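Okay, so here's the structure we're looking at.
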Amino acid sequence: MLMSELIQFMHFSAANTHDGGGEFLLLLSEETLNENARGSGRNKLYGDLSKCAEDKKDEFFRRQAETRQRWYTSSSKQIPRYIARFWRSNFYRDGFLDFIERRITFDTQNDWYEIFQANGYETSKDQLPILIADLFVTGLEHLAAGNPNIDDKPWDPDLINATAKDLVTVVQHKQRFADLKPADIYVEGDMLVVGTYRVQMPQDRPVPARVTNFERKYTNQLIQLLCNECGIEATLDSLKARGGDYLEDFTIARQDYYLADGLRELLKDSSLDGEDEFQKIKDDTYSGVRPTYRKRHRSPYERMQATLEQAGTIPLTRSHVPKATGLFHVEHRHGITHMLVNDDRLKWVDDDS
């Protein structure tokens with residue numbers, strides 16, 4: 001398998017349909033690099049802007065986008081050795097696994113399993129993300145040495161195309177939340193029914209022991225707020241050492257966040273407009289909690305508690321999903337509130353450095 005084939009395979013399933021291959025490559029790097037290697041000026045996939053004149057920046061960005069696209073297709077140029085070395089030396093494995101967990105639907109991961117099995121890769125469904133991470137790391141190491149191959153196994157694109165047709169068949173049966181009535185959305189046993197489409201309710205996602213990149217903002221806010229409230233150094237280690245109710249606040253917040261993100265994935269898997277529907281719920285939540293959030297409070301901790309309490313009771317009317325029996329609970333409301341912090345729409349403390 002070529003490294004470019006693995007990247008293109010991931011892009012086929014993970015990227016937004018409006019993203020080009022070069023942009024997907026940049027997105028993938030941002031989510032799979034260590035924190036101190038991400039962003040323009042540190043992530044080498046952006047290019048070196050320091051020597052570019054101010055009036056030439058637009059041209060610079062255009063050329064860099066074209067270069068990344070050539071790296072992606074590998075038709076005329078592979079990912080350069082220095083880029084591969086940089087990516088490998090700063091590779092964040094947990095971020096890569098998290099990328100697959102969040103961006104690849106459960107059904108698609110099952111299809112991936114069949115494809116990798118058919119191409120001679122022995123693994124289990126649970127271990128598939130680990131296999132892909134191992135292949136990706138090997139690919140970076142080989143690229144750094146000038147070798148575009150991950151291994152000598154032939155990769156059959158026809159298997160991908162066959163699976164793509166199956167996925168199209170599934171998509172044709174999916175409906176849009178926007179076209180449904182409240183009675184069309186409900187949980188029946190272990191199945192979510194969305195109009196004429198049914199999907200199995202997933203098990204709750206386990207919360208990783210280590211805080212991941214994509215939840216960094218709201219957890220940093222929580223650490224600052226909770227540590228300031230109990231008068232200790234503002235670090236997660238200090239919070240863990242103290243224990244008690246404040247650590248429980250932090251733990252429950254992460255559980256609620258992951259529960260809400262699991263709902264987002266479920267809506268995306270079960271309809272054609274699931275992401276848009278989830279965004280409606282987030283926007284509705286923000287509108288409902290903002291007056292409480294904006295009030296004067298005696299402390300940031302009381303602001304957070306009052307906002308979460310309000311989130312648990314406000315009517316959410318922009319989407320039918322909150323009305324679906326067995327699907328939407330107060331924990332989802334709290335998790336969505338933490339998502340609003342992660343999106344910079346709410347902020348508990350001024351300093352989250």
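All residue names refer to the structure tokens as shown: chains lettered A, B, ... in order, residues numbered from 1 in each chain, ligands numbered from 1 in order.
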task = Name the residues in contact with Tyr72 (chain A) at a cut-off of 7 Å, using only C-alpha atoms, excluding same-chain residues fewer than 2 positions from it; report them as a PyMOL selection string.
result = chain A and resi 4+21-22+25+68-70+74
query = If you run DSSP on this backbone, which residues of region 121-261 of chain A come out as helix (DSSP H, G or I), and could you give them as a ChimeraX atom specification?
reply = /A:128-144,157-173,177-179,182-184,213-230,236-242,244-261
Against region 228-248 of chain A, which residues of region 281-322 of chain A fall within 9 Å? For each one I want the closest pair of atoms and the distance in Å (one decimal), counting only C-alpha atoms, rows by chain and increasing residue number, as JSON lines.
```
{"residue": "A:Ser299", "atom": "CA", "partner": "A:Glu229", "partner_atom": "CA", "distance": 8.3}
{"residue": "A:Pro300", "atom": "CA", "partner": "A:Glu229", "partner_atom": "CA", "distance": 8.2}
{"residue": "A:Tyr301", "atom": "CA", "partner": "A:Glu229", "partner_atom": "CA", "distance": 6.8}
```
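Look at Asp343 (chain A): the protein and nucleic acid residues within 12 Å of it, using only C-alpha atoms and passing over chain neighbours fewer than 2 places away, are Phe214, Glu215, Arg216, Lys217, Tyr218, Thr219, Gln221, Gln279, Lys282, Asp283, Tyr286, Ile336, Thr337, His338, Met339, Leu340, Val341, Arg345, Leu346 and Lys347 of chain A.
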request  = Go through region 84-317 of chain A and collect every residue that DSSP, computed from the backbone, puts in strand (DSSP E or B); the answer should be as JSON, numbers by chain.
outcome  = {"A": [91, 149, 185, 186, 187, 188, 191, 192, 193, 194, 197, 198, 199, 200]}
So that I have them on file, write out the residues from the current selection with N, CA and C atoms, as a PDB file, in the first residue's frame.
```pdb
ATOM      1  N   PHE A  91       4.243  13.338  15.958  1.00  0.00           N
ATOM      2  CA  PHE A  91       2.989  12.606  15.789  1.00  0.00           C
ATOM      3  C   PHE A  91       2.312  12.374  17.137  1.00  0.00           C
ATOM      4  N   ASN A 149       6.050   3.728  -0.235  1.00  0.00           N
ATOM      5  CA  ASN A 149       5.245   2.571   0.146  1.00  0.00           C
ATOM      6  C   ASN A 149       5.180   2.387   1.657  1.00  0.00           C
ATOM      7  N   ILE A 185     -39.551  10.475  14.887  1.00  0.00           N
ATOM      8  CA  ILE A 185     -38.232  10.274  15.495  1.00  0.00           C
ATOM      9  C   ILE A 185     -38.429   9.679  16.886  1.00  0.00           C
ATOM     10  N   TYR A 186     -37.954   8.463  17.096  1.00  0.00           N
ATOM     11  CA  TYR A 186     -38.140   7.822  18.398  1.00  0.00           C
ATOM     12  C   TYR A 186     -37.184   6.645  18.542  1.00  0.00           C
ATOM     13  N   VAL A 187     -37.029   6.204  19.783  1.00  0.00           N
ATOM     14  CA  VAL A 187     -36.203   5.036  20.086  1.00  0.00           C
ATOM     15  C   VAL A 187     -37.120   3.851  20.310  1.00  0.00           C
ATOM     16  N   GLU A 188     -36.811   2.755  19.634  1.00  0.00           N
ATOM     17  CA  GLU A 188     -37.589   1.521  19.756  1.00  0.00           C
ATOM     18  C   GLU A 188     -36.626   0.394  20.091  1.00  0.00           C
ATOM     19  N   MET A 191     -32.923   0.499  18.828  1.00  0.00           N
ATOM     20  CA  MET A 191     -32.850   1.129  17.512  1.00  0.00           C
ATOM     21  C   MET A 191     -33.384   2.555  17.563  1.00  0.00           C
ATOM     22  N   LEU A 192     -32.694   3.452  16.850  1.00  0.00           N
ATOM     23  CA  LEU A 192     -33.216   4.798  16.637  1.00  0.00           C
ATOM     24  C   LEU A 192     -33.955   4.796  15.306  1.00  0.00           C
ATOM     25  N   VAL A 193     -35.190   5.238  15.332  1.00  0.00           N
ATOM     26  CA  VAL A 193     -36.005   5.315  14.125  1.00  0.00           C
ATOM     27  C   VAL A 193     -36.065   6.775  13.684  1.00  0.00           C
ATOM     28  N   VAL A 194     -35.627   7.032  12.458  1.00  0.00           N
ATOM     29  CA  VAL A 194     -35.674   8.375  11.876  1.00  0.00           C
ATOM     30  C   VAL A 194     -36.448   8.262  10.569  1.00  0.00           C
ATOM     31  N   TYR A 197     -35.884   5.185   8.233  1.00  0.00           N
ATOM     32  CA  TYR A 197     -34.526   4.654   8.419  1.00  0.00           C
ATOM     33  C   TYR A 197     -34.312   4.275   9.877  1.00  0.00           C
ATOM     34  N   ARG A 198     -33.645   3.142  10.082  1.00  0.00           N
ATOM     35  CA  ARG A 198     -33.343   2.661  11.429  1.00  0.00           C
ATOM     36  C   ARG A 198     -31.836   2.479  11.577  1.00  0.00           C
ATOM     37  N   VAL A 199     -31.340   2.830  12.739  1.00  0.00           N
ATOM     38  CA  VAL A 199     -29.923   2.638  13.030  1.00  0.00           C
ATOM     39  C   VAL A 199     -29.802   2.190  14.478  1.00  0.00           C
ATOM     40  N   GLN A 200     -28.864   1.299  14.735  1.00  0.00           N
ATOM     41  CA  GLN A 200     -28.692   0.781  16.087  1.00  0.00           C
ATOM     42  C   GLN A 200     -28.135   1.864  17.006  1.00  0.00           C
TER      43      GLN A 200
END
```
